[in-house]
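Dropping protein30.cif in here (mmCIF, C-alpha atoms):
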```cif
data_work
#
loop_
_atom_site.group_PDB
_atom_site.id
_atom_site.type_symbol
_atom_site.label_atom_id
_atom_site.label_comp_id
_atom_site.auth_asym_id
_atom_site.auth_seq_id
_atom_site.Cartn_x
_atom_site.Cartn_y
_atom_site.Cartn_z
ATOM 1 C CA MET A 1 0.000 0.000 0.000
ATOM 2 C CA GLU A 2 2.852 2.359 0.863
ATOM 3 C CA ARG A 3 4.230 2.112 -2.664
ATOM 4 C CA ARG A 4 0.844 2.933 -4.178
ATOM 5 C CA ILE A 5 0.358 5.891 -1.840
ATOM 6 C CA LYS A 6 3.809 7.178 -2.739
ATOM 7 C CA ARG A 7 2.914 6.883 -6.402
ATOM 8 C CA ALA A 8 -0.263 8.903 -5.769
ATOM 9 C CA ALA A 9 1.690 11.512 -3.807
ATOM 10 C CA ALA A 10 4.262 11.752 -6.594
ATOM 11 C CA CYS A 11 1.512 12.449 -9.143
ATOM 12 C CA ALA A 12 -0.219 15.057 -6.984
ATOM 13 C CA GLY A 13 3.147 16.641 -6.144
ATOM 14 C CA ALA A 14 4.190 16.791 -9.783
ATOM 15 C CA GLY A 15 0.874 18.435 -10.655
ATOM 16 C CA LEU A 16 1.248 21.031 -7.918
ATOM 17 C CA LEU A 17 4.873 21.665 -8.882
ATOM 18 C CA LEU A 18 3.863 22.311 -12.483
ATOM 19 C CA GLN A 19 1.092 24.639 -11.365
ATOM 20 C CA LEU A 20 3.513 26.499 -9.113
ATOM 21 C CA ALA A 21 6.010 26.890 -11.946
ATOM 22 C CA ALA A 22 3.244 28.130 -14.250
ATOM 23 C CA ALA A 23 2.038 30.615 -11.635
ATOM 24 C CA LEU A 24 5.559 32.011 -11.305
ATOM 25 C CA HIS A 25 6.045 32.292 -15.049
ATOM 26 C CA TRP A 26 2.570 33.103 -16.313
ATOM 27 C CA THR A 27 2.298 32.946 -20.087
ATOM 28 C CA PRO A 28 -0.415 31.614 -22.389
ATOM 29 C CA LEU A 29 1.572 28.388 -22.860
ATOM 30 C CA THR A 30 2.172 27.776 -19.150
ATOM 31 C CA PHE A 31 -1.505 28.466 -18.486
ATOM 32 C CA VAL A 32 -2.498 25.820 -21.016
ATOM 33 C CA LEU A 33 0.052 23.361 -19.608
ATOM 34 C CA SER A 34 -1.218 24.058 -16.114
ATOM 35 C CA ALA A 35 -4.811 23.442 -17.178
ATOM 36 C CA VAL A 36 -4.393 20.402 -19.403
ATOM 37 C CA LEU A 37 -1.415 18.661 -17.785
ATOM 38 C CA ALA A 38 -0.947 19.740 -14.174
ATOM 39 C CA THR A 39 -4.589 19.637 -13.100
ATOM 40 C CA PRO A 40 -5.182 16.145 -14.538
ATOM 41 C CA LEU A 41 -1.979 14.989 -12.782
ATOM 42 C CA VAL A 42 -3.429 16.117 -9.452
ATOM 43 C CA LEU A 43 -6.700 14.368 -10.230
ATOM 44 C CA LEU A 44 -4.757 11.241 -11.200
ATOM 45 C CA GLY A 45 -2.936 11.400 -7.865
ATOM 46 C CA GLY A 46 -6.260 11.535 -6.024
ATOM 47 C CA PHE A 47 -7.599 8.654 -8.061
ATOM 48 C CA LEU A 48 -4.481 6.547 -7.400
ATOM 49 C CA PHE A 49 -4.772 7.202 -3.664
ATOM 50 C CA LEU A 50 -8.429 6.185 -3.582
ATOM 51 C CA HIS A 51 -7.592 3.139 -5.692
ATOM 52 C CA ALA A 52 -4.842 2.198 -3.248
ATOM 53 C CA VAL A 53 -7.283 2.424 -0.337
ATOM 54 C CA TRP A 54 -9.845 0.399 -2.263
ATOM 55 C CA ARG A 55 -7.293 -2.305 -3.078
ATOM 56 C CA ASN A 56 -6.145 -2.417 0.544
ATOM 57 C CA LEU A 57 -9.665 -2.813 1.862
ATOM 58 C CA SER A 58 -10.403 -5.349 -0.824
ATOM 59 C CA ASP A 59 -7.320 -7.414 0.075
ATOM 60 C CA LYS A 60 -8.428 -7.424 3.693
ATOM 61 C CA GLY A 61 -11.898 -8.561 2.690
ATOM 62 C CA ALA A 62 -13.451 -5.463 4.237
ATOM 63 C CA ILE A 63 -15.474 -4.720 1.100
ATOM 64 C CA MET B 1 0.293 61.677 -14.117
ATOM 65 C CA ASN B 2 -2.144 61.329 -16.978
ATOM 66 C CA ALA B 3 -5.303 59.274 -17.175
ATOM 67 C CA LEU B 4 -3.722 56.398 -19.015
ATOM 68 C CA GLU B 5 -0.857 56.075 -16.598
ATOM 69 C CA THR B 6 -3.305 55.713 -13.710
ATOM 70 C CA SER B 7 -4.929 52.708 -15.360
ATOM 71 C CA SER B 8 -3.558 49.204 -15.101
ATOM 72 C CA LEU B 9 -2.049 49.557 -18.539
ATOM 73 C CA SER B 10 -0.061 52.307 -20.143
ATOM 74 C CA ILE B 11 1.477 52.954 -23.507
ATOM 75 C CA ASP B 12 4.891 53.027 -21.830
ATOM 76 C CA VAL B 13 4.417 49.485 -20.612
ATOM 77 C CA LEU B 14 3.446 48.376 -24.072
ATOM 78 C CA GLU B 15 6.339 50.148 -25.733
ATOM 79 C CA SER B 16 8.883 48.733 -23.343
ATOM 80 C CA THR B 17 7.688 45.245 -23.996
ATOM 81 C CA THR B 18 9.108 42.960 -26.605
ATOM 82 C CA GLY B 19 7.764 39.467 -26.941
ATOM 83 C CA LEU B 20 6.321 37.701 -23.940
ATOM 84 C CA ARG B 21 6.076 39.690 -20.775
ATOM 85 C CA GLN B 22 6.825 38.135 -17.423
ATOM 86 C CA LEU B 23 3.499 37.812 -15.641
ATOM 87 C CA VAL B 24 2.997 36.253 -12.229
ATOM 88 C CA LEU B 25 -0.208 35.065 -10.590
ATOM 89 C CA PRO B 26 -1.218 36.632 -7.235
ATOM 90 C CA ALA B 27 1.093 36.002 -4.271
ATOM 91 C CA PHE B 28 -1.563 34.289 -2.157
ATOM 92 C CA LEU B 29 -2.005 31.644 -4.836
ATOM 93 C CA ILE B 30 1.733 31.047 -5.130
ATOM 94 C CA VAL B 31 2.073 30.715 -1.347
ATOM 95 C CA ALA B 32 -0.885 28.318 -1.244
ATOM 96 C CA LEU B 33 0.540 26.158 -4.036
ATOM 97 C CA ALA B 34 3.981 26.100 -2.426
ATOM 98 C CA THR B 35 2.494 25.147 0.940
ATOM 99 C CA GLY B 36 0.373 22.433 -0.664
ATOM 100 C CA LEU B 37 3.412 21.078 -2.466
ATOM 101 C CA ALA B 38 5.421 21.014 0.776
ATOM 102 C CA ILE B 39 2.627 19.110 2.515
ATOM 103 C CA VAL B 40 2.450 16.549 -0.296
ATOM 104 C CA VAL B 41 6.233 16.053 -0.125
ATOM 105 C CA LEU B 42 6.043 15.508 3.644
ATOM 106 C CA LEU B 43 3.199 13.022 3.201
ATOM 107 C CA PHE B 44 5.236 11.248 0.510
ATOM 108 C CA LEU B 45 8.113 10.845 2.961
ATOM 109 C CA GLY B 46 5.885 9.708 5.811
ATOM 110 C CA ALA B 47 3.464 7.607 3.785
ATOM 111 C CA GLY B 48 4.520 4.326 5.379
ATOM 112 C CA THR B 49 4.004 5.519 8.934
ATOM 113 C CA LEU B 50 0.777 7.367 8.243
ATOM 114 C CA ALA B 51 -0.815 4.504 6.316
ATOM 115 C CA ALA B 52 -0.437 2.269 9.379
ATOM 116 C CA ASN B 53 -3.120 3.964 11.461
ATOM 117 C CA ARG B 54 -6.587 5.401 10.964
ATOM 118 C CA VAL B 55 -5.758 9.045 11.738
ATOM 119 C CA GLY B 56 -2.741 8.846 9.453
ATOM 120 C CA ARG B 57 -4.887 7.545 6.604
ATOM 121 C CA LEU B 58 -7.308 10.411 7.167
ATOM 122 C CA VAL B 59 -4.398 12.855 7.021
ATOM 123 C CA LEU B 60 -3.276 11.230 3.763
ATOM 124 C CA LEU B 61 -6.782 11.527 2.336
ATOM 125 C CA VAL B 62 -6.951 15.226 3.117
ATOM 126 C CA GLY B 63 -3.348 15.983 2.143
ATOM 127 C CA LEU B 64 -3.159 13.947 -1.053
ATOM 128 C CA VAL B 65 -6.685 14.285 -2.391
ATOM 129 C CA ALA B 66 -8.755 17.122 -0.912
ATOM 130 C CA LEU B 67 -6.012 19.727 -0.566
ATOM 131 C CA PRO B 68 -4.400 19.308 -4.023
ATOM 132 C CA VAL B 69 -7.808 19.169 -5.737
ATOM 133 C CA MET B 70 -8.960 22.352 -3.975
ATOM 134 C CA LEU B 71 -5.696 24.117 -4.788
ATOM 135 C CA SER B 72 -5.943 23.051 -8.420
ATOM 136 C CA ALA B 73 -9.535 24.238 -8.647
ATOM 137 C CA GLY B 74 -8.542 27.590 -7.173
ATOM 138 C CA ASN B 75 -5.546 27.877 -9.467
ATOM 139 C CA LEU B 76 -7.600 26.988 -12.527
ATOM 140 C CA THR B 77 -10.323 29.468 -11.605
ATOM 141 C CA GLN B 78 -7.772 32.231 -11.067
ATOM 142 C CA GLY B 79 -6.008 31.265 -14.285
ATOM 143 C CA VAL B 80 -9.192 31.449 -16.340
ATOM 144 C CA HIS B 81 -9.956 34.822 -14.766
ATOM 145 C CA GLU B 82 -6.442 36.128 -15.494
ATOM 146 C CA SER B 83 -6.589 34.816 -19.043
ATOM 147 C CA SER B 84 -9.408 37.290 -19.700
ATOM 148 C CA SER B 85 -7.251 40.266 -18.763
ATOM 149 C CA THR B 86 -5.952 42.827 -21.234
ATOM 150 C CA ARG B 87 -2.390 42.261 -20.053
ATOM 151 C CA PHE B 88 -2.666 38.545 -20.784
ATOM 152 C CA CYS B 89 -3.953 39.136 -24.330
ATOM 153 C CA LEU B 90 -1.233 41.670 -25.017
ATOM 154 C CA SER B 91 1.512 39.457 -23.609
ATOM 155 C CA CYS B 92 1.866 37.934 -27.092
ATOM 156 C CA HIS B 93 3.923 40.127 -29.415
ATOM 157 C CA GLU B 94 1.423 39.612 -32.231
ATOM 158 C CA MET B 95 -1.040 41.745 -30.286
ATOM 159 C CA GLN B 96 1.294 44.650 -29.562
ATOM 160 C CA ARG B 97 0.005 46.919 -32.326
ATOM 161 C CA HIS B 98 -3.589 46.172 -31.417
ATOM 162 C CA GLY B 99 -2.735 46.959 -27.805
ATOM 163 C CA LYS B 100 -1.236 50.286 -28.813
ATOM 164 C CA SER B 101 -4.345 51.058 -30.842
ATOM 165 C CA LEU B 102 -6.162 51.534 -27.516
ATOM 166 C CA PHE B 103 -4.159 54.730 -27.079
ATOM 167 C CA VAL B 104 -4.413 56.319 -30.525
ATOM 168 C CA ASP B 105 -5.745 59.825 -30.924
ATOM 169 C CA ASP B 106 -8.768 58.943 -33.029
ATOM 170 C CA ARG B 107 -12.309 59.704 -31.911
ATOM 171 C CA HIS B 108 -13.720 57.247 -34.436
ATOM 172 C CA ALA B 109 -11.579 54.227 -33.701
ATOM 173 C CA LEU B 110 -13.832 51.928 -31.699
ATOM 174 C CA ALA B 111 -11.171 50.259 -29.573
ATOM 175 C CA ALA B 112 -9.602 53.579 -28.590
ATOM 176 C CA VAL B 113 -12.966 55.231 -27.878
ATOM 177 C CA HIS B 114 -14.096 52.373 -25.659
ATOM 178 C CA TYR B 115 -10.799 52.203 -23.820
ATOM 179 C CA GLN B 116 -10.134 55.892 -23.331
ATOM 180 C CA ASN B 117 -13.704 56.704 -22.262
ATOM 181 C CA ARG B 118 -13.886 53.638 -20.000
ATOM 182 C CA PHE B 119 -16.973 52.331 -21.813
ATOM 183 C CA VAL B 120 -15.733 48.864 -20.812
ATOM 184 C CA PRO B 121 -13.353 47.924 -17.974
ATOM 185 C CA ARG B 122 -9.807 48.639 -19.120
ATOM 186 C CA GLU B 123 -8.496 45.531 -17.389
ATOM 187 C CA GLY B 124 -10.572 43.317 -19.640
ATOM 188 C CA ILE B 125 -11.254 45.311 -22.769
ATOM 189 C CA CYS B 126 -10.093 42.657 -25.256
ATOM 190 C CA TYR B 127 -12.289 40.029 -23.656
ATOM 191 C CA SER B 128 -15.274 42.376 -23.282
ATOM 192 C CA CYS B 129 -15.474 43.037 -26.997
ATOM 193 C CA HIS B 130 -14.101 39.756 -28.378
ATOM 194 C CA SER B 131 -16.229 37.266 -26.464
ATOM 195 C CA ASP B 132 -19.782 36.440 -27.434
ATOM 196 C CA TYR B 133 -22.484 37.085 -24.888
ATOM 197 C CA ALA B 134 -24.437 33.963 -25.829
ATOM 198 C CA MET B 135 -24.727 30.960 -23.511
ATOM 199 C CA PHE B 136 -21.418 29.396 -24.541
ATOM 200 C CA GLY B 137 -19.688 32.659 -25.414
ATOM 201 C CA ASP B 138 -17.061 32.295 -22.705
ATOM 202 C CA VAL B 139 -16.298 28.708 -23.683
ATOM 203 C CA LYS B 140 -15.990 29.700 -27.332
ATOM 204 C CA ALA B 141 -13.673 32.572 -26.418
ATOM 205 C CA LYS B 142 -11.450 30.263 -24.376
ATOM 206 C CA LEU B 143 -11.320 27.687 -27.176
ATOM 207 C CA ASN B 144 -10.351 30.453 -29.582
ATOM 208 C CA GLY B 145 -7.684 31.408 -27.054
ATOM 209 C CA LEU B 146 -6.315 27.860 -27.204
ATOM 210 C CA ARG B 147 -6.182 28.204 -30.966
ATOM 211 C CA HIS B 148 -4.271 31.477 -30.567
ATOM 212 C CA VAL B 149 -1.752 29.764 -28.296
ATOM 213 C CA TRP B 150 -1.292 26.984 -30.856
ATOM 214 C CA VAL B 151 -0.705 29.478 -33.653
ATOM 215 C CA HIS B 152 1.588 31.611 -31.485
ATOM 216 C CA TYR B 153 3.925 28.745 -30.602
ATOM 217 C CA PHE B 154 3.660 26.315 -33.480
ATOM 218 C CA ARG B 155 2.646 28.183 -36.629
ATOM 219 C CA PRO B 156 4.162 31.079 -38.573
ATOM 220 C CA GLN B 157 2.833 34.456 -37.534
ATOM 221 C CA PRO B 158 0.077 35.546 -39.931
ATOM 222 C CA GLU B 159 0.874 38.735 -41.834
ATOM 223 C CA ARG B 160 -2.531 40.174 -41.050
ATOM 224 C CA LEU B 161 -4.612 39.325 -37.993
ATOM 225 C CA GLU B 162 -8.211 38.578 -38.819
ATOM 226 C CA LEU B 163 -11.257 37.452 -36.906
ATOM 227 C CA TYR B 164 -12.325 33.829 -37.366
ATOM 228 C CA GLN B 165 -15.774 35.054 -38.400
ATOM 229 C CA PRO B 166 -17.407 38.430 -39.064
ATOM 230 C CA TYR B 167 -17.893 40.450 -35.914
ATOM 231 C CA PRO B 168 -21.463 39.810 -34.680
ATOM 232 C CA ASN B 169 -23.633 42.855 -34.006
ATOM 233 C CA LYS B 170 -25.006 41.290 -30.860
ATOM 234 C CA ASN B 171 -21.679 41.886 -29.159
ATOM 235 C CA CYS B 172 -22.155 45.634 -29.744
ATOM 236 C CA LEU B 173 -25.880 45.582 -29.033
ATOM 237 C CA HIS B 174 -25.350 43.769 -25.753
ATOM 238 C CA CYS B 175 -24.405 47.172 -24.335
ATOM 239 C CA HIS B 176 -25.713 49.651 -26.911
ATOM 240 C CA ASP B 177 -29.165 48.399 -27.866
ATOM 241 C CA ASP B 178 -30.978 50.361 -25.181
ATOM 242 C CA ALA B 179 -28.469 53.203 -24.920
ATOM 243 C CA ARG B 180 -29.997 56.613 -25.597
ATOM 244 C CA SER B 181 -27.117 57.686 -27.812
ATOM 245 C CA PHE B 182 -27.664 54.616 -29.973
ATOM 246 C CA LEU B 183 -31.467 54.798 -30.110
ATOM 247 C CA GLU B 184 -31.581 58.501 -30.922
ATOM 248 C CA ALA B 185 -28.839 58.537 -33.541
ATOM 249 C CA PRO B 186 -30.572 59.417 -36.850
ATOM 250 C CA ALA B 187 -28.325 57.057 -38.808
ATOM 251 C CA HIS B 188 -29.407 54.087 -36.715
ATOM 252 C CA ARG B 189 -33.180 54.457 -37.049
ATOM 253 C CA PRO B 190 -33.617 53.203 -40.632
ATOM 254 C CA VAL B 191 -31.430 50.132 -40.019
ATOM 255 C CA MET B 192 -32.442 49.203 -36.497
ATOM 256 C CA ASP B 193 -34.124 45.933 -37.504
ATOM 257 C CA ALA B 194 -31.335 45.036 -39.894
ATOM 258 C CA LEU B 195 -28.771 45.615 -37.165
ATOM 259 C CA ALA B 196 -30.698 43.459 -34.729
ATOM 260 C CA ALA B 197 -30.962 40.683 -37.320
ATOM 261 C CA ASN B 198 -27.243 41.012 -38.151
ATOM 262 C CA ARG B 199 -28.105 41.714 -41.803
ATOM 263 C CA VAL B 200 -26.146 44.977 -41.697
ATOM 264 C CA SER B 201 -22.899 45.014 -39.792
ATOM 265 C CA CYS B 202 -22.157 47.798 -37.322
ATOM 266 C CA MET B 203 -18.714 47.857 -38.938
ATOM 267 C CA SER B 204 -20.177 48.801 -42.295
ATOM 268 C CA CYS B 205 -20.421 52.378 -40.933
ATOM 269 C CA HIS B 206 -18.040 52.236 -37.973
ATOM 270 C CA ARG B 207 -15.222 51.126 -40.208
ATOM 271 C CA VAL B 208 -12.220 51.875 -38.025
ATOM 272 C CA VAL B 209 -11.932 49.507 -35.102
ATOM 273 C CA HIS B 210 -8.201 49.297 -34.367
ATOM 274 C CA ASP B 211 -6.526 52.302 -35.980
ATOM 275 C CA LEU B 212 -3.235 50.648 -36.838
ATOM 276 C CA ALA B 213 -2.260 53.427 -39.231
ATOM 277 C CA LYS B 214 -2.120 55.869 -36.328
ATOM 278 C CA VAL B 215 -0.252 53.304 -34.270
ATOM 279 C CA ASP B 216 2.395 53.170 -36.977
ATOM 280 C CA ALA B 217 2.378 56.981 -37.127
ATOM 281 C CA GLN B 218 2.764 57.087 -33.319
ATOM 282 C CA THR B 219 -0.260 59.391 -32.962
ATOM 283 C CA PHE B 220 -1.365 58.727 -29.409
ATOM 284 C CA TRP B 221 -3.793 60.552 -27.125
ATOM 285 C CA GLN B 222 -2.380 61.923 -23.908
ATOM 286 C CA ALA B 223 -4.588 63.472 -21.209
ATOM 287 C CA ASN B 224 -3.420 66.797 -19.832
#
```
Once you've parsed the file, please lay out its structure as structure tokens.
Amino acid sequence: MERRIKRAAACAGAGLLLQLAAALHWTPLTFVLSAVLATPLVLLGGFLFLHAVWRNLSDKGAI
Amino acid sequence: MNALETSSLSIDVLESTTGLRQLVLPAFLIVALATGLAIVVLLFLGAGTLAANRVGRLVLLVGLVALPVMLSAGNLTQGVHESSSTRFCLSCHEMQRHGKSLFVDDRHALAAVHYQNRFVPREGICYSCHSDYAMFGDVKAKLNGLRHVWVHYFRPQPERLELYQPYPNKNCLHCHDDARSFLEAPAHRPVMDALAANRVSCMSCHRVVHDLAKVDAQTFWQAN
């Protein structure tokens, strides 16, 4: 589970890092990258975390 | 200090700019993103320990899902708002002459008249006039913006900038249709229905929109 959570954190962190870089250097291109790449990365991180929890509970037979 | 210098945009700023201008989003957003990133990094490092207990898992849920999603939503909202600003539009060098046309000394040039008389907010004048007011007008404007970005970075600069489609009268009438000056103008009365139906373009009489000739001649209005 720890590996999956770290993967989720890495995705969310990468998304936030990209958004931070775009906010510091605000151009039309960085805005587009922030919207179409960084935001989905954060959403992917959230999805991976929830998936990791689901898998963990599933392995334990809790659901 | 003249009237233009007190606004958020001045001809000096435009003239001193070549190519892309360095713009930065508001400080509170940068601090929030940096803090969020630091929290995610800490959670990454302590994932093993936190995942072992219930409170830790709750902290992970908030720190890795709720917080980043909220920050992203805030950042995206602010970004969309900023992308409607005059500064953002004029940050591409292709738009420099059109930006300068806001300052020309021409009482008939529509862009200059609207800007100098504050008929629309100066901070968002490009977006005010170049976005449709229909239901999906904002979406269409943003998609056109994406197209602009594509052309700016990946295609040769067009020699002449043109609208994707003829300028719709409803964008003018959104503000002017019940304005006294518009209703009482003798020239408007015979064509009122045709204007409303978009059969006659406002631009067929108001021919000068961006007076680029005066931009090239450096004929700018300065308030005393």
Decode the PyMOL selection byres ((chain A and resi 17) around 12) for the given file into explicit residues and return them as a PyMOL selection string. (chain A and resi 9-16+18-24+33-34+37-39+41-42) or (chain B and resi 30+32-41+68+71-72)
Selected residues written out, C-alpha atoms, as a PDB file, in the frame of the given file:
```
ATOM      1  CA  ALA A   9       1.690  11.512  -3.807  1.00  0.00           C
ATOM      2  CA  ALA A  10       4.262  11.752  -6.594  1.00  0.00           C
ATOM      3  CA  CYS A  11       1.512  12.449  -9.143  1.00  0.00           C
ATOM      4  CA  ALA A  12      -0.219  15.057  -6.984  1.00  0.00           C
ATOM      5  CA  GLY A  13       3.147  16.641  -6.144  1.00  0.00           C
ATOM      6  CA  ALA A  14       4.190  16.791  -9.783  1.00  0.00           C
ATOM      7  CA  GLY A  15       0.874  18.435 -10.655  1.00  0.00           C
ATOM      8  CA  LEU A  16       1.248  21.031  -7.918  1.00  0.00           C
ATOM      9  CA  LEU A  18       3.863  22.311 -12.483  1.00  0.00           C
ATOM     10  CA  GLN A  19       1.092  24.639 -11.365  1.00  0.00           C
ATOM     11  CA  LEU A  20       3.513  26.499  -9.113  1.00  0.00           C
ATOM     12  CA  ALA A  21       6.010  26.890 -11.946  1.00  0.00           C
ATOM     13  CA  ALA A  22       3.244  28.130 -14.250  1.00  0.00           C
ATOM     14  CA  ALA A  23       2.038  30.615 -11.635  1.00  0.00           C
ATOM     15  CA  LEU A  24       5.559  32.011 -11.305  1.00  0.00           C
ATOM     16  CA  LEU A  33       0.052  23.361 -19.608  1.00  0.00           C
ATOM     17  CA  SER A  34      -1.218  24.058 -16.114  1.00  0.00           C
ATOM     18  CA  LEU A  37      -1.415  18.661 -17.785  1.00  0.00           C
ATOM     19  CA  ALA A  38      -0.947  19.740 -14.174  1.00  0.00           C
ATOM     20  CA  THR A  39      -4.589  19.637 -13.100  1.00  0.00           C
ATOM     21  CA  LEU A  41      -1.979  14.989 -12.782  1.00  0.00           C
ATOM     22  CA  VAL A  42      -3.429  16.117  -9.452  1.00  0.00           C
TER      23      VAL A  42
ATOM     24  CA  ILE B  30       1.733  31.047  -5.130  1.00  0.00           C
ATOM     25  CA  ALA B  32      -0.885  28.318  -1.244  1.00  0.00           C
ATOM     26  CA  LEU B  33       0.540  26.158  -4.036  1.00  0.00           C
ATOM     27  CA  ALA B  34       3.981  26.100  -2.426  1.00  0.00           C
ATOM     28  CA  THR B  35       2.494  25.147   0.940  1.00  0.00           C
ATOM     29  CA  GLY B  36       0.373  22.433  -0.664  1.00  0.00           C
ATOM     30  CA  LEU B  37       3.412  21.078  -2.466  1.00  0.00           C
ATOM     31  CA  ALA B  38       5.421  21.014   0.776  1.00  0.00           C
ATOM     32  CA  ILE B  39       2.627  19.110   2.515  1.00  0.00           C
ATOM     33  CA  VAL B  40       2.450  16.549  -0.296  1.00  0.00           C
ATOM     34  CA  VAL B  41       6.233  16.053  -0.125  1.00  0.00           C
ATOM     35  CA  PRO B  68      -4.400  19.308  -4.023  1.00  0.00           C
ATOM     36  CA  LEU B  71      -5.696  24.117  -4.788  1.00  0.00           C
ATOM     37  CA  SER B  72      -5.943  23.051  -8.420  1.00  0.00           C
TER      38      SER B  72
END
```
Target residues per the PyMOL selection byres ((chain A and resi 31) around 9), formatted as an MDAnalysis selection string: (chainID A and resid 19 22:23 26:30 32:36) or (chainID B and resid 76 79:80 83)
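Within 12 Å of the point (4.8, 57.8, -33.7), counting all atoms listed in the file, the protein and nucleic acid residues come to B:Ile11, B:Glu15, B:Arg97, B:Lys100, B:Ser101, B:Phe103, B:Val104, B:Asp105, B:Leu212, B:Ala213, B:Lys214, B:Val215, B:Asp216, B:Ala217, B:Gln218, B:Thr219, B:Phe220, B:Trp221.
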Run through the PyMOL selection byres ((chain B and resi 86) around 6) on the given coordinates and return the selected residues as a list in words.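 Matching residues under the PyMOL selection byres ((chain B and resi 86) around 6) are Ser85, Arg87, Phe88, Cys89, Glu123, Gly124 and Cys126 of chain B.
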Mind pulling up the distance from atom CA of B:Arg207 to atom CA of B:Leu102? 15.6 Å
Determine, counting all atoms listed in the file, which protein, DNA and RNA residues have an atom within 12 Å of an atom of A:Phe47; residues of the same chain fewer than 6 positions away are not included. Present the result as a ChimeraX atom specification. /A:4-5,7-9,11-12,40-41,53-54 /B:61,64-66,68-69
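Here atom CA of B:Val208 stands at a distance of 9.9 Å from atom CA of B:Ala112.
Going from atom CA of B:Glu82 over to atom CA of A:Gly45, you cover 26.1 Å.
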Between B:Leu67, B:Leu29, B:Cys129, B:Ala179, smallest distance to A:Leu43 by only C-alpha atoms belongs to B:Leu67
The residues within 12 Å of (-30.4, 47.0, -39.0), using only C-alpha atoms and the coordinates of the file, should be reported as a ChimeraX atom specification; which are they? /B:169-170,173,177,183,187-205
Shell around A:Arg3 at 12 Å using only C-alpha atoms, local window under 6 positions removed, as number ranges by chain: A: 9-10, 48-49, 52-53, 56; B: 44-48, 51
Please return the centre and edge lengths, in Å to one decimal, of a box with edges along x, y and z that contains all listed atoms of stretch 30-42 of chain A, widened by 6 Å on every side, as lines of an AutoDock Vina configuration file.
```
center_x = -1.5
center_y = 21.7
center_z = -15.2
size_x = 19.4
size_y = 25.5
size_z = 23.6
```
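With distances taken over all atoms listed in the file, B:Cys92 is the one residue among B:Cys92, B:Leu58, B:Ala52, B:Cys172 lying closest to B:Val149.
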Nearest residue to chain A from the set B:Tyr127, B:Phe154, B:Tyr133, B:Phe119 (distances using all atoms listed in the file):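 Distance minimum relative to chain A lands on B:Phe154.
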